[in-house]
>>> print(open('query27.cif').read())   # mmCIF, C-alpha atoms and all ligand atoms
data_entry
#
loop_
_atom_site.group_PDB
_atom_site.id
_atom_site.type_symbol
_atom_site.label_atom_id
_atom_site.label_comp_id
_atom_site.auth_asym_id
_atom_site.auth_seq_id
_atom_site.Cartn_x
_atom_site.Cartn_y
_atom_site.Cartn_z
ATOM 1 C CA MET A 1 0.000 0.000 0.000
ATOM 2 C CA ARG A 2 2.950 2.257 0.719
ATOM 3 C CA THR A 3 3.792 2.490 -2.934
ATOM 4 C CA ALA A 4 0.272 2.687 -4.370
ATOM 5 C CA TRP A 5 0.837 6.386 -5.081
ATOM 6 C CA LEU A 6 3.969 5.621 -7.070
ATOM 7 C CA ARG A 7 2.139 3.034 -9.154
ATOM 8 C CA TRP A 8 -0.630 5.556 -9.841
ATOM 9 C CA HIS A 9 1.944 8.157 -10.724
ATOM 10 C CA HIS A 10 3.624 6.015 -13.342
ATOM 11 C CA ALA A 11 0.355 4.582 -14.667
ATOM 12 C CA ALA A 12 -1.014 8.092 -15.219
ATOM 13 C CA VAL A 13 -0.562 10.122 -18.388
ATOM 14 C CA LEU A 14 1.494 13.023 -17.076
ATOM 15 C CA VAL A 15 1.242 16.353 -18.887
ATOM 16 C CA ASP A 16 3.163 19.492 -17.942
ATOM 17 C CA GLY A 17 1.890 22.794 -19.300
ATOM 18 C CA HIS A 18 5.072 24.845 -19.369
ATOM 19 C CA MET A 19 8.847 24.523 -19.297
ATOM 20 C CA ASP A 20 11.700 26.701 -20.526
ATOM 21 C CA THR A 21 14.418 24.104 -21.011
ATOM 22 C CA PHE A 22 14.865 24.875 -24.710
ATOM 23 C CA TYR A 23 15.393 28.499 -23.774
ATOM 24 C CA LYS A 24 18.246 27.258 -21.577
ATOM 25 C CA GLU A 25 19.559 25.205 -24.490
ATOM 26 C CA LEU A 26 19.656 28.180 -26.794
ATOM 27 C CA GLU A 27 20.870 30.692 -24.224
ATOM 28 C CA GLU A 28 23.650 28.479 -22.855
ATOM 29 C CA GLY A 29 24.454 26.482 -25.979
ATOM 30 C CA ARG A 30 24.095 23.134 -24.188
ATOM 31 C CA SER A 31 21.972 20.076 -24.917
ATOM 32 C CA TRP A 32 19.303 18.531 -22.718
ATOM 33 C CA PHE A 33 20.537 15.110 -23.840
ATOM 34 C CA SER A 34 23.576 15.657 -21.594
ATOM 35 C CA PRO A 35 23.213 15.789 -17.806
ATOM 36 C CA GLN A 36 22.459 19.401 -16.842
ATOM 37 C CA PRO A 37 22.505 19.389 -13.038
ATOM 38 C CA LYS A 38 21.967 23.152 -12.850
ATOM 39 C CA TRP A 39 18.716 22.915 -14.832
ATOM 40 C CA HIS A 40 15.374 21.651 -13.555
ATOM 41 C CA ILE A 41 15.100 19.369 -16.566
ATOM 42 C CA ASP A 42 17.308 17.343 -18.842
ATOM 43 C CA PHE A 43 15.946 14.602 -21.015
ATOM 44 C CA ALA A 44 16.949 11.700 -18.751
ATOM 45 C CA ARG A 45 15.354 13.315 -15.696
ATOM 46 C CA LEU A 46 12.212 14.272 -17.635
ATOM 47 C CA ARG A 47 11.761 10.604 -18.516
ATOM 48 C CA LYS A 48 12.463 9.522 -14.944
ATOM 49 C CA SER A 49 9.753 11.893 -13.673
ATOM 50 C CA GLY A 50 7.109 10.011 -15.657
ATOM 51 C CA THR A 51 6.286 13.008 -17.879
ATOM 52 C CA ASP A 52 4.538 11.828 -21.045
ATOM 53 C CA LEU A 53 3.757 15.131 -22.692
ATOM 54 C CA GLN A 54 5.737 18.305 -22.143
ATOM 55 C CA ILE A 55 4.538 21.631 -23.472
ATOM 56 C CA CYS A 56 7.649 23.572 -24.473
ATOM 57 C CA ALA A 57 7.591 27.351 -24.179
ATOM 58 C CA ILE A 58 9.199 29.507 -26.836
ATOM 59 C CA TYR A 59 10.082 32.538 -24.748
ATOM 60 C CA THR A 60 11.544 35.619 -26.380
ATOM 61 C CA PRO A 61 13.305 38.085 -24.058
ATOM 62 C CA PRO A 62 12.134 41.691 -24.440
ATOM 63 C CA LYS A 63 15.637 42.751 -25.566
ATOM 64 C CA PHE A 64 14.705 41.334 -28.967
ATOM 65 C CA GLU A 65 12.536 43.576 -31.079
ATOM 66 C CA GLY A 66 10.860 43.051 -34.417
ATOM 67 C CA ALA A 67 12.404 40.438 -36.666
ATOM 68 C CA ASP A 68 15.120 39.676 -34.090
ATOM 69 C CA ALA A 69 12.376 38.169 -31.906
ATOM 70 C CA THR A 70 11.179 36.096 -34.855
ATOM 71 C CA VAL A 71 14.670 34.759 -35.476
ATOM 72 C CA TRP A 72 15.179 33.917 -31.808
ATOM 73 C CA ALA A 73 11.884 31.991 -31.701
ATOM 74 C CA ALA A 74 12.669 30.181 -34.958
ATOM 75 C CA ARG A 75 16.048 29.092 -33.567
ATOM 76 C CA MET A 76 14.446 27.782 -30.359
ATOM 77 C CA ILE A 77 11.824 25.857 -32.340
ATOM 78 C CA ASN A 78 14.658 24.404 -34.375
ATOM 79 C CA ARG A 79 16.257 23.079 -31.171
ATOM 80 C CA ILE A 80 13.058 21.111 -30.555
ATOM 81 C CA TYR A 81 13.165 19.696 -34.078
ATOM 82 C CA GLU A 82 16.793 18.756 -33.558
ATOM 83 C CA ALA A 83 15.789 16.967 -30.333
ATOM 84 C CA GLU A 84 13.183 14.931 -32.220
ATOM 85 C CA LYS A 85 15.754 14.118 -34.899
ATOM 86 C CA THR A 86 18.289 13.021 -32.283
ATOM 87 C CA ALA A 87 15.868 10.657 -30.518
ATOM 88 C CA PRO A 88 13.104 9.860 -33.022
ATOM 89 C CA LYS A 89 12.054 6.708 -31.165
ATOM 90 C CA GLN A 90 11.691 8.582 -27.873
ATOM 91 C CA ILE A 91 10.401 12.014 -28.894
ATOM 92 C CA ARG A 92 7.374 13.011 -30.933
ATOM 93 C CA ILE A 93 6.435 16.600 -31.667
ATOM 94 C CA ILE A 94 2.659 16.927 -31.345
ATOM 95 C CA ARG A 95 1.101 18.412 -34.462
ATOM 96 C CA ARG A 96 -2.377 16.891 -34.577
ATOM 97 C CA ARG A 97 -4.895 15.246 -32.297
ATOM 98 C CA ALA A 98 -3.875 11.713 -33.348
ATOM 99 C CA ASP A 99 -0.287 12.415 -32.201
ATOM 100 C CA LEU A 100 -1.576 12.632 -28.626
ATOM 101 C CA ASP A 101 -2.010 8.871 -28.487
ATOM 102 C CA LEU A 102 1.573 8.364 -27.456
ATOM 103 C CA PRO A 103 3.053 4.868 -27.645
ATOM 104 C CA ARG A 104 4.771 3.654 -24.480
ATOM 105 C CA GLY A 105 8.232 5.076 -24.172
ATOM 106 C CA VAL A 106 7.549 8.075 -26.398
ATOM 107 C CA THR A 107 7.640 11.567 -24.894
ATOM 108 C CA GLY A 108 5.411 14.092 -26.627
ATOM 109 C CA LEU A 109 6.579 17.681 -27.028
ATOM 110 C CA LEU A 110 4.080 20.390 -27.892
ATOM 111 C CA ILE A 111 5.477 23.744 -29.019
ATOM 112 C CA SER A 112 3.907 26.851 -27.500
ATOM 113 C CA ILE A 113 4.958 30.451 -28.111
ATOM 114 C CA GLU A 114 5.085 32.472 -24.886
ATOM 115 C CA GLY A 115 4.207 36.039 -25.832
ATOM 116 C CA GLY A 116 3.452 37.248 -29.345
ATOM 117 C CA LEU A 117 6.719 39.166 -29.972
ATOM 118 C CA PRO A 118 7.911 36.747 -32.690
ATOM 119 C CA LEU A 119 4.838 37.564 -34.803
ATOM 120 C CA ASP A 120 6.317 41.030 -35.343
ATOM 121 C CA GLY A 121 2.818 42.455 -35.755
ATOM 122 C CA LYS A 122 2.070 40.348 -38.825
ATOM 123 C CA LEU A 123 -0.912 37.987 -38.827
ATOM 124 C CA ASP A 124 0.554 35.684 -41.477
ATOM 125 C CA MET A 125 3.477 35.013 -39.126
ATOM 126 C CA LEU A 126 0.976 33.172 -36.929
ATOM 127 C CA ASP A 127 0.280 30.892 -39.888
ATOM 128 C CA TYR A 128 4.007 30.598 -40.483
ATOM 129 C CA PHE A 129 4.598 29.425 -36.923
ATOM 130 C CA TYR A 130 1.602 27.111 -37.121
ATOM 131 C CA ASN A 131 3.147 25.583 -40.233
ATOM 132 C CA THR A 132 6.404 25.034 -38.351
ATOM 133 C CA GLY A 133 4.515 23.014 -35.733
ATOM 134 C CA VAL A 134 3.487 25.563 -33.093
ATOM 135 C CA ARG A 135 0.149 24.495 -31.602
ATOM 136 C CA ALA A 136 -0.328 26.854 -28.642
ATOM 137 C CA MET A 137 0.438 30.453 -27.791
ATOM 138 C CA GLY A 138 0.260 32.856 -24.894
ATOM 139 C CA LEU A 139 -0.463 36.382 -26.080
ATOM 140 C CA THR A 140 1.986 38.223 -23.823
ATOM 141 C CA HIS A 141 4.771 37.888 -21.335
ATOM 142 C CA ASN A 142 4.698 40.466 -18.511
ATOM 143 C CA PRO A 143 5.267 43.685 -20.537
ATOM 144 C CA ARG A 144 3.154 45.288 -23.266
ATOM 145 C CA ASN A 145 3.450 44.040 -26.845
ATOM 146 C CA LEU A 146 1.586 44.559 -30.108
ATOM 147 C CA LEU A 147 -1.175 42.103 -29.057
ATOM 148 C CA ALA A 148 -1.989 43.142 -25.507
ATOM 149 C CA ASP A 149 -0.637 44.158 -22.109
ATOM 150 C CA GLY A 150 1.052 41.691 -19.819
ATOM 151 C CA ALA A 151 0.393 41.262 -16.115
ATOM 152 C CA SER A 152 3.019 43.823 -15.050
ATOM 153 C CA VAL A 153 1.578 46.763 -17.019
ATOM 154 C CA LYS A 154 0.133 49.419 -14.687
ATOM 155 C CA ARG A 155 -2.650 51.144 -16.632
ATOM 156 C CA ALA A 156 -3.453 48.239 -18.882
ATOM 157 C CA ARG A 157 -5.598 48.240 -21.986
ATOM 158 C CA GLY A 158 -7.385 45.225 -23.428
ATOM 159 C CA LEU A 159 -6.405 43.384 -26.579
ATOM 160 C CA THR A 160 -5.312 45.556 -29.483
ATOM 161 C CA SER A 161 -7.102 45.075 -32.791
ATOM 162 C CA PHE A 162 -4.104 42.968 -33.844
ATOM 163 C CA GLY A 163 -4.418 40.919 -30.650
ATOM 164 C CA LYS A 164 -8.084 40.289 -31.380
ATOM 165 C CA ALA A 165 -7.284 39.229 -34.950
ATOM 166 C CA VAL A 166 -4.648 36.836 -33.592
ATOM 167 C CA VAL A 167 -7.109 35.167 -31.207
ATOM 168 C CA LYS A 168 -9.625 34.751 -34.036
ATOM 169 C CA ARG A 169 -6.974 33.273 -36.289
ATOM 170 C CA MET A 170 -5.872 30.928 -33.464
ATOM 171 C CA ASN A 171 -9.481 29.745 -33.216
ATOM 172 C CA ALA A 172 -9.537 29.027 -36.948
ATOM 173 C CA LEU A 173 -6.179 27.219 -36.875
ATOM 174 C CA ARG A 174 -7.259 25.234 -33.801
ATOM 175 C CA MET A 175 -4.407 26.414 -31.626
ATOM 176 C CA VAL A 176 -4.525 26.335 -27.827
ATOM 177 C CA LEU A 177 -4.955 29.813 -26.339
ATOM 178 C CA ASP A 178 -2.864 30.311 -23.215
ATOM 179 C CA VAL A 179 -3.803 33.274 -21.001
ATOM 180 C CA ALA A 180 -0.835 33.004 -18.605
ATOM 181 C CA HIS A 181 0.888 36.396 -18.142
ATOM 182 C CA LEU A 182 -2.019 38.249 -19.749
ATOM 183 C CA HIS A 183 -3.335 41.273 -17.850
ATOM 184 C CA LEU A 184 -6.907 41.055 -16.580
ATOM 185 C CA ALA A 185 -7.914 43.742 -19.111
ATOM 186 C CA GLY A 186 -6.790 41.582 -22.046
ATOM 187 C CA PHE A 187 -8.139 38.456 -20.405
ATOM 188 C CA ARG A 188 -11.664 39.919 -20.550
ATOM 189 C CA ASP A 189 -11.370 40.397 -24.321
ATOM 190 C CA ALA A 190 -9.652 37.070 -24.936
ATOM 191 C CA ILE A 191 -12.282 35.067 -23.075
ATOM 192 C CA ARG A 192 -15.003 36.733 -25.167
ATOM 193 C CA ILE A 193 -13.346 35.994 -28.508
ATOM 194 C CA ALA A 194 -11.929 32.541 -27.794
ATOM 195 C CA ARG A 195 -13.769 29.476 -29.031
ATOM 196 C CA GLY A 196 -13.345 26.204 -27.205
ATOM 197 C CA PRO A 197 -11.335 25.417 -24.097
ATOM 198 C CA ILE A 198 -8.505 27.757 -23.074
ATOM 199 C CA VAL A 199 -5.671 27.262 -20.608
ATOM 200 C CA THR A 200 -3.483 29.152 -18.248
ATOM 201 C CA SER A 201 -0.333 27.079 -18.575
ATOM 202 C CA HIS A 202 1.536 28.182 -15.427
ATOM 203 C CA THR A 203 -0.029 30.206 -12.652
ATOM 204 C CA GLY A 204 -0.686 30.701 -8.967
ATOM 205 C CA LEU A 205 -3.931 31.873 -7.381
ATOM 206 C CA CYS A 206 -4.764 35.348 -6.050
ATOM 207 C CA ARG A 207 -6.667 33.762 -3.171
ATOM 208 C CA PHE A 208 -3.298 32.648 -1.734
ATOM 209 C CA LEU A 209 -1.099 35.432 -3.052
ATOM 210 C CA ASP A 210 -2.761 38.474 -4.553
ATOM 211 C CA ARG A 211 -0.425 39.638 -7.272
ATOM 212 C CA PRO A 212 -1.059 40.515 -10.926
ATOM 213 C CA ARG A 213 0.635 37.404 -12.311
ATOM 214 C CA ASN A 214 -1.765 35.108 -10.383
ATOM 215 C CA ILE A 215 -5.410 34.591 -11.338
ATOM 216 C CA THR A 216 -8.526 35.649 -9.489
ATOM 217 C CA ASP A 217 -11.469 33.431 -8.585
ATOM 218 C CA TRP A 218 -13.425 35.130 -11.374
ATOM 219 C CA GLN A 219 -10.758 34.161 -13.906
ATOM 220 C CA MET A 220 -10.816 30.595 -12.590
ATOM 221 C CA LYS A 221 -14.571 30.452 -13.206
ATOM 222 C CA LYS A 222 -14.190 31.895 -16.692
ATOM 223 C CA ILE A 223 -11.449 29.454 -17.727
ATOM 224 C CA ALA A 224 -13.396 26.519 -16.292
ATOM 225 C CA GLY A 225 -16.458 27.824 -18.161
ATOM 226 C CA THR A 226 -14.657 27.229 -21.468
ATOM 227 C CA GLY A 227 -13.938 23.642 -20.443
ATOM 228 C CA GLY A 228 -10.288 24.544 -20.038
ATOM 229 C CA VAL A 229 -7.598 24.020 -17.404
ATOM 230 C CA ILE A 230 -5.749 26.022 -14.782
ATOM 231 C CA ALA A 231 -2.209 24.644 -14.564
ATOM 232 C CA ILE A 232 -0.562 25.349 -11.235
ATOM 233 C CA ASP A 233 3.137 26.252 -11.258
ATOM 234 C CA TYR A 234 5.827 25.606 -8.659
ATOM 235 C CA LEU A 235 7.273 29.074 -8.050
ATOM 236 C CA THR A 236 7.614 30.387 -4.528
ATOM 237 C CA GLU A 237 6.993 33.847 -6.070
ATOM 238 C CA HIS A 238 3.509 32.689 -7.142
ATOM 239 C CA LEU A 239 2.672 30.327 -4.273
ATOM 240 C CA THR A 240 3.635 32.085 -1.040
ATOM 241 C CA GLY A 241 5.728 35.065 -2.103
ATOM 242 C CA GLY A 242 8.647 33.885 0.050
ATOM 243 C CA PRO A 243 11.154 34.680 1.400
ATOM 244 C CA GLU A 244 11.087 31.096 2.716
ATOM 245 C CA PRO A 245 10.910 28.512 -0.080
ATOM 246 C CA ALA A 246 7.430 27.220 -0.859
ATOM 247 C CA SER A 247 6.944 23.458 -0.845
ATOM 248 C CA VAL A 248 5.052 20.746 -2.632
ATOM 249 C CA LYS A 249 2.342 21.239 0.014
ATOM 250 C CA ASP A 250 1.709 24.770 -1.270
ATOM 251 C CA VAL A 251 1.403 23.433 -4.816
ATOM 252 C CA VAL A 252 -1.140 20.884 -3.625
ATOM 253 C CA ASP A 253 -3.023 23.569 -1.657
ATOM 254 C CA ASN A 254 -3.403 25.439 -4.962
ATOM 255 C CA ILE A 255 -4.502 22.290 -6.786
ATOM 256 C CA GLU A 256 -7.115 21.545 -4.114
ATOM 257 C CA ALA A 257 -8.392 25.122 -4.178
ATOM 258 C CA VAL A 258 -9.010 24.965 -7.936
ATOM 259 C CA ALA A 259 -10.625 21.539 -7.630
ATOM 260 C CA GLU A 260 -12.937 22.711 -4.857
ATOM 261 C CA TYR A 261 -13.862 26.002 -6.501
ATOM 262 C CA VAL A 262 -14.381 25.058 -10.154
ATOM 263 C CA GLY A 263 -14.112 21.271 -10.216
ATOM 264 C CA VAL A 264 -11.344 18.706 -10.363
ATOM 265 C CA GLU A 265 -11.678 18.473 -14.149
ATOM 266 C CA HIS A 266 -10.203 21.972 -14.513
ATOM 267 C CA VAL A 267 -6.901 21.650 -12.654
ATOM 268 C CA ALA A 268 -3.556 20.667 -14.153
ATOM 269 C CA LEU A 269 0.208 20.996 -13.743
ATOM 270 C CA GLY A 270 2.405 23.689 -15.312
ATOM 271 C CA SER A 271 5.783 23.614 -13.596
ATOM 272 C CA ASP A 272 7.546 26.563 -15.283
ATOM 273 C CA PHE A 273 10.712 24.483 -14.814
ATOM 274 C CA ASP A 274 13.855 26.215 -16.063
ATOM 275 C CA GLY A 275 11.923 29.481 -16.109
ATOM 276 C CA TYR A 276 12.869 30.580 -12.576
ATOM 277 C CA ASN A 277 15.713 30.418 -10.071
ATOM 278 C CA SER A 278 14.016 30.083 -6.679
ATOM 279 C CA VAL A 279 13.821 26.741 -4.860
ATOM 280 C CA THR A 280 10.637 24.832 -3.991
ATOM 281 C CA LYS A 281 10.939 22.097 -1.381
ATOM 282 C CA GLY A 282 10.173 18.673 -2.797
ATOM 283 C CA LEU A 283 10.204 20.085 -6.328
ATOM 284 C CA GLU A 284 13.862 20.995 -6.628
ATOM 285 C CA ASP A 285 13.855 19.542 -10.118
ATOM 286 C CA VAL A 286 11.582 17.533 -12.416
ATOM 287 C CA THR A 287 12.265 14.268 -10.554
ATOM 288 C CA GLY A 288 10.334 15.787 -7.625
ATOM 289 C CA VAL A 289 7.035 15.764 -9.528
ATOM 290 C CA PRO A 290 6.005 12.353 -8.085
ATOM 291 C CA ASN A 291 5.923 14.127 -4.701
ATOM 292 C CA ILE A 292 2.791 15.936 -5.908
ATOM 293 C CA THR A 293 1.105 12.576 -6.430
ATOM 294 C CA LYS A 294 2.343 11.411 -3.053
ATOM 295 C CA GLU A 295 0.906 14.475 -1.310
ATOM 296 C CA LEU A 296 -2.454 14.211 -3.116
ATOM 297 C CA VAL A 297 -2.760 10.578 -2.052
ATOM 298 C CA ARG A 298 -1.686 11.436 1.505
ATOM 299 C CA ARG A 299 -4.593 13.908 1.593
ATOM 300 C CA GLY A 300 -7.021 11.203 0.571
ATOM 301 C CA TRP A 301 -7.345 11.768 -3.167
ATOM 302 C CA GLY A 302 -8.512 8.769 -5.200
ATOM 303 C CA GLU A 303 -6.777 7.387 -8.259
ATOM 304 C CA ARG A 304 -9.297 8.748 -10.756
ATOM 305 C CA ASP A 305 -8.954 12.341 -9.609
ATOM 306 C CA VAL A 306 -5.178 12.106 -9.243
ATOM 307 C CA LYS A 307 -4.955 11.013 -12.866
ATOM 308 C CA ARG A 308 -7.126 13.908 -13.976
ATOM 309 C CA VAL A 309 -4.813 16.403 -12.328
ATOM 310 C CA LEU A 310 -1.601 14.770 -13.516
ATOM 311 C CA GLY A 311 -2.593 14.920 -17.157
ATOM 312 C CA GLY A 312 -6.067 13.644 -17.946
ATOM 313 C CA ASN A 313 -7.534 17.136 -17.897
ATOM 314 C CA TYR A 314 -4.821 18.705 -20.052
ATOM 315 C CA MET A 315 -5.120 15.821 -22.524
ATOM 316 C CA ARG A 316 -8.877 16.402 -22.764
ATOM 317 C CA VAL A 317 -8.300 20.055 -23.672
ATOM 318 C CA LEU A 318 -5.597 19.273 -26.241
ATOM 319 C CA LYS A 319 -7.792 16.617 -27.858
ATOM 320 C CA ALA A 320 -10.692 19.062 -28.017
ATOM 321 C CA VAL A 321 -8.682 21.872 -29.583
ATOM 322 C CA LEU A 322 -6.155 20.309 -31.974
ATOM 323 C CA ALA A 323 -7.305 19.342 -35.453
HETATM 324 ZN ZN ZN A 401 6.050 32.407 -18.026
#
>>> encode(input="query27.cif", output="structure tokens")
Amino acid sequence: MRTAWLRWHHAAVLVDGHMDTFYKELEEGRSWFSPQPKWHIDFARLRKSGTDLQICAIYTPPKFEGADATVWAARMINRIYEAEKTAPKQIRIIRRRADLDLPRGVTGLLISIEGGLPLDGKLDMLDYFYNTGVRAMGLTHNPRNLLADGASVKRARGLTSFGKAVVKRMNALRMVLDVAHLHLAGFRDAIRIARGPIVTSHTGLCRFLDRPRNITDWQMKKIAGTGGVIAIDYLTEHLTGGPEPASVKDVVDNIEAVAEYVGVEHVALGSDFDGYNSVTKGLEDVTGVPNITKELVRRGWGERDVKRVLGGNYMRVLKAVLA
């Protein structure tokens, strides 16, 4: 009985909504196929964690403007293609719904642009990125861009007309809309225009820590209302605010709060691994993810609901959205 949780963990389809490991690859010029002890994730540890499908963020730092952002994003996407080429029997880039039925031993990677900078204000660049395999996108990072204002903008406006056109085009292309980092003002517009389930791929909750980057109860209701998921991240900055490190218990508190407020079918995991530097107890790296399962089971969660949180819910959304 002691290890029932571990069996459930490895029997579950595990989906993570957000990681920045390919940013690390590009920034540092190293490969995730080699041990990278300073990173949260390398390929061997990702496999060990039981992760079946990893959504890979294409983050463009604000220092890049215009076409430079496009080039940076294209190079990061290329790293993901190179990864698939290096380990074709172990890695599959997810392009269509049928790809989500992953054979045993195959890790799915889904490419998601974080912030619309690489579009460079041009709607056909969304199609371009779609054609290169991108299947999800968050409209902003924290600052303002040509689509909308991010969570850190003080007197925020809603979506620009370009931002609205992008959301409509994402609907038509059947891409997953990610509202993480989006300011509440833009969120209101996005939720009105979006068709089908939407996600927030890595977030904390304002009810525990009221800060712009976290989501309010109202936003939780709205996302759940689309049939989508709220993926809880593992950052002390989003969970407790520090200065003491948050722990896996705080992550599970957030998971339980979403489950209780909008239903267990709307909660998911979105680590943000390799996107932050703080430490979270029990989740020091990707091999700590089974501790979430352990804590859920310790609190009395049943196998069915555990599996929903670990990946069943995210899978449902991806299957509903992708063509
Ligand atoms: Zn982020």
>>> closest_atom_pairs(input="query27.cif", of="range 143-256 of chain A", to="range 275-285 of chain A", cutoff="9 Å", atoms="only C-alpha atoms", output="Markdown table")
| residue | atom | partner | partner_atom | distance |
| --- | --- | --- | --- | --- |
| A:Tyr234 | CA | A:Thr280 | CA | 6.7 |
| A:Leu235 | CA | A:Thr280 | CA | 6.8 |
| A:Thr236 | CA | A:Thr280 | CA | 6.3 |
| A:Glu237 | CA | A:Ser278 | CA | 8.0 |
| A:Pro245 | CA | A:Thr280 | CA | 5.4 |
| A:Ala246 | CA | A:Thr280 | CA | 5.1 |
| A:Ser247 | CA | A:Lys281 | CA | 4.3 |
| A:Val248 | CA | A:Gly282 | CA | 5.5 |
| A:Lys249 | CA | A:Gly282 | CA | 8.7 |
>>> write_last_selection(input="query27.cif", atoms="C-alpha atoms", output="mmCIF file, in the coordinates of the input")
data_model
loop_
_atom_site.group_PDB
_atom_site.id
_atom_site.type_symbol
_atom_site.label_atom_id
_atom_site.label_comp_id
_atom_site.auth_asym_id
_atom_site.auth_seq_id
_atom_site.Cartn_x
_atom_site.Cartn_y
_atom_site.Cartn_z
ATOM 1 C CA TYR A 234 5.827 25.606 -8.659
ATOM 2 C CA LEU A 235 7.273 29.074 -8.050
ATOM 3 C CA THR A 236 7.614 30.387 -4.528
ATOM 4 C CA GLU A 237 6.993 33.847 -6.070
ATOM 5 C CA PRO A 245 10.910 28.512 -0.080
ATOM 6 C CA ALA A 246 7.430 27.220 -0.859
ATOM 7 C CA SER A 247 6.944 23.458 -0.845
ATOM 8 C CA VAL A 248 5.052 20.746 -2.632
ATOM 9 C CA LYS A 249 2.342 21.239 0.014
#
>>> closest_residue(input="query27.cif", among="A:Asp233, A:Glu84, A:Asp42, A:Asp127", to="ligand ZN 401 (chain A)", atoms="all atoms listed in the file")
A:Asp233
>>> resolve_selection(input="query27.cif", expression="the PyMOL selection byres (((not hetatm)) within 8 of (chain A and resi 401))", output="PyMOL selection string")
chain A and resi 18+59+114+141+180-181+202+272+275
>>> write_last_selection(input="query27.cif", atoms="C-alpha atoms", output="CSV table (one decimal), in the coordinates of the input")
chain,number,residue,atom,x,y,z
A,18,HIS,CA,5.1,24.8,-19.4
A,59,TYR,CA,10.1,32.5,-24.7
A,114,GLU,CA,5.1,32.5,-24.9
A,141,HIS,CA,4.8,37.9,-21.3
A,180,ALA,CA,-0.8,33.0,-18.6
A,181,HIS,CA,0.9,36.4,-18.1
A,202,HIS,CA,1.5,28.2,-15.4
A,272,ASP,CA,7.5,26.6,-15.3
A,275,GLY,CA,11.9,29.5,-16.1
>>> residues_around(input="query27.cif", residues="Ile94 in chain A", least_positions_apart="6", cutoff="9 Å", atoms="all atoms listed in the file", output="count of residues only")
9
>>> residues_around(input="query27.cif", residues="Ala74 in chain A", least_positions_apart="2", cutoff="12 Å", atoms="all atoms listed in the file", output="number ranges by chain")
A: 22-23, 26, 58-60, 67-72, 76-81, 111-113, 117-119, 125, 128-134
>>> closest_residue(input="query27.cif", among="A:Cys206, A:Ala259, A:Gly50, A:Arg316", to="Leu6 in chain A", atoms="all atoms listed in the file")
A:Gly50
>>> closest_residue(input="query27.cif", among="A:Lys48, A:Arg7, A:Lys122, A:Arg144", to="Pro62 in chain A", atoms="only C-alpha atoms")
A:Arg144
>>> closest_residue(input="query27.cif", among="A:Arg299, A:His10, A:Lys24, A:Arg30", to="Ser49 in chain A", atoms="all atoms listed in the file")
A:His10
>>> closest_residue(input="query27.cif", among="A:Gly270, A:Pro35, A:Gly121, A:Gly228", to="Ala57 in chain A", atoms="only C-alpha atoms")
A:Gly270
>>> decode(input="query27.cif", residues="range 162-197 of chain A", atoms="C-alpha atoms", output="PDB file, in the first residue's frame")
ATOM      1  CA  PHE A 162      -4.104  42.968 -33.844  1.00  0.00           C
ATOM      2  CA  GLY A 163      -4.418  40.919 -30.650  1.00  0.00           C
ATOM      3  CA  LYS A 164      -8.084  40.289 -31.380  1.00  0.00           C
ATOM      4  CA  ALA A 165      -7.284  39.229 -34.950  1.00  0.00           C
ATOM      5  CA  VAL A 166      -4.648  36.836 -33.592  1.00  0.00           C
ATOM      6  CA  VAL A 167      -7.109  35.167 -31.207  1.00  0.00           C
ATOM      7  CA  LYS A 168      -9.625  34.751 -34.036  1.00  0.00           C
ATOM      8  CA  ARG A 169      -6.974  33.273 -36.289  1.00  0.00           C
ATOM      9  CA  MET A 170      -5.872  30.928 -33.464  1.00  0.00           C
ATOM     10  CA  ASN A 171      -9.481  29.745 -33.216  1.00  0.00           C
ATOM     11  CA  ALA A 172      -9.537  29.027 -36.948  1.00  0.00           C
ATOM     12  CA  LEU A 173      -6.179  27.219 -36.875  1.00  0.00           C
ATOM     13  CA  ARG A 174      -7.259  25.234 -33.801  1.00  0.00           C
ATOM     14  CA  MET A 175      -4.407  26.414 -31.626  1.00  0.00           C
ATOM     15  CA  VAL A 176      -4.525  26.335 -27.827  1.00  0.00           C
ATOM     16  CA  LEU A 177      -4.955  29.813 -26.339  1.00  0.00           C
ATOM     17  CA  ASP A 178      -2.864  30.311 -23.215  1.00  0.00           C
ATOM     18  CA  VAL A 179      -3.803  33.274 -21.001  1.00  0.00           C
ATOM     19  CA  ALA A 180      -0.835  33.004 -18.605  1.00  0.00           C
ATOM     20  CA  HIS A 181       0.888  36.396 -18.142  1.00  0.00           C
ATOM     21  CA  LEU A 182      -2.019  38.249 -19.749  1.00  0.00           C
ATOM     22  CA  HIS A 183      -3.335  41.273 -17.850  1.00  0.00           C
ATOM     23  CA  LEU A 184      -6.907  41.055 -16.580  1.00  0.00           C
ATOM     24  CA  ALA A 185      -7.914  43.742 -19.111  1.00  0.00           C
ATOM     25  CA  GLY A 186      -6.790  41.582 -22.046  1.00  0.00           C
ATOM     26  CA  PHE A 187      -8.139  38.456 -20.405  1.00  0.00           C
ATOM     27  CA  ARG A 188     -11.664  39.919 -20.550  1.00  0.00           C
ATOM     28  CA  ASP A 189     -11.370  40.397 -24.321  1.00  0.00           C
ATOM     29  CA  ALA A 190      -9.652  37.070 -24.936  1.00  0.00           C
ATOM     30  CA  ILE A 191     -12.282  35.067 -23.075  1.00  0.00           C
ATOM     31  CA  ARG A 192     -15.003  36.733 -25.167  1.00  0.00           C
ATOM     32  CA  ILE A 193     -13.346  35.994 -28.508  1.00  0.00           C
ATOM     33  CA  ALA A 194     -11.929  32.541 -27.794  1.00  0.00           C
ATOM     34  CA  ARG A 195     -13.769  29.476 -29.031  1.00  0.00           C
ATOM     35  CA  GLY A 196     -13.345  26.204 -27.205  1.00  0.00           C
ATOM     36  CA  PRO A 197     -11.335  25.417 -24.097  1.00  0.00           C
TER      37      PRO A 197
END
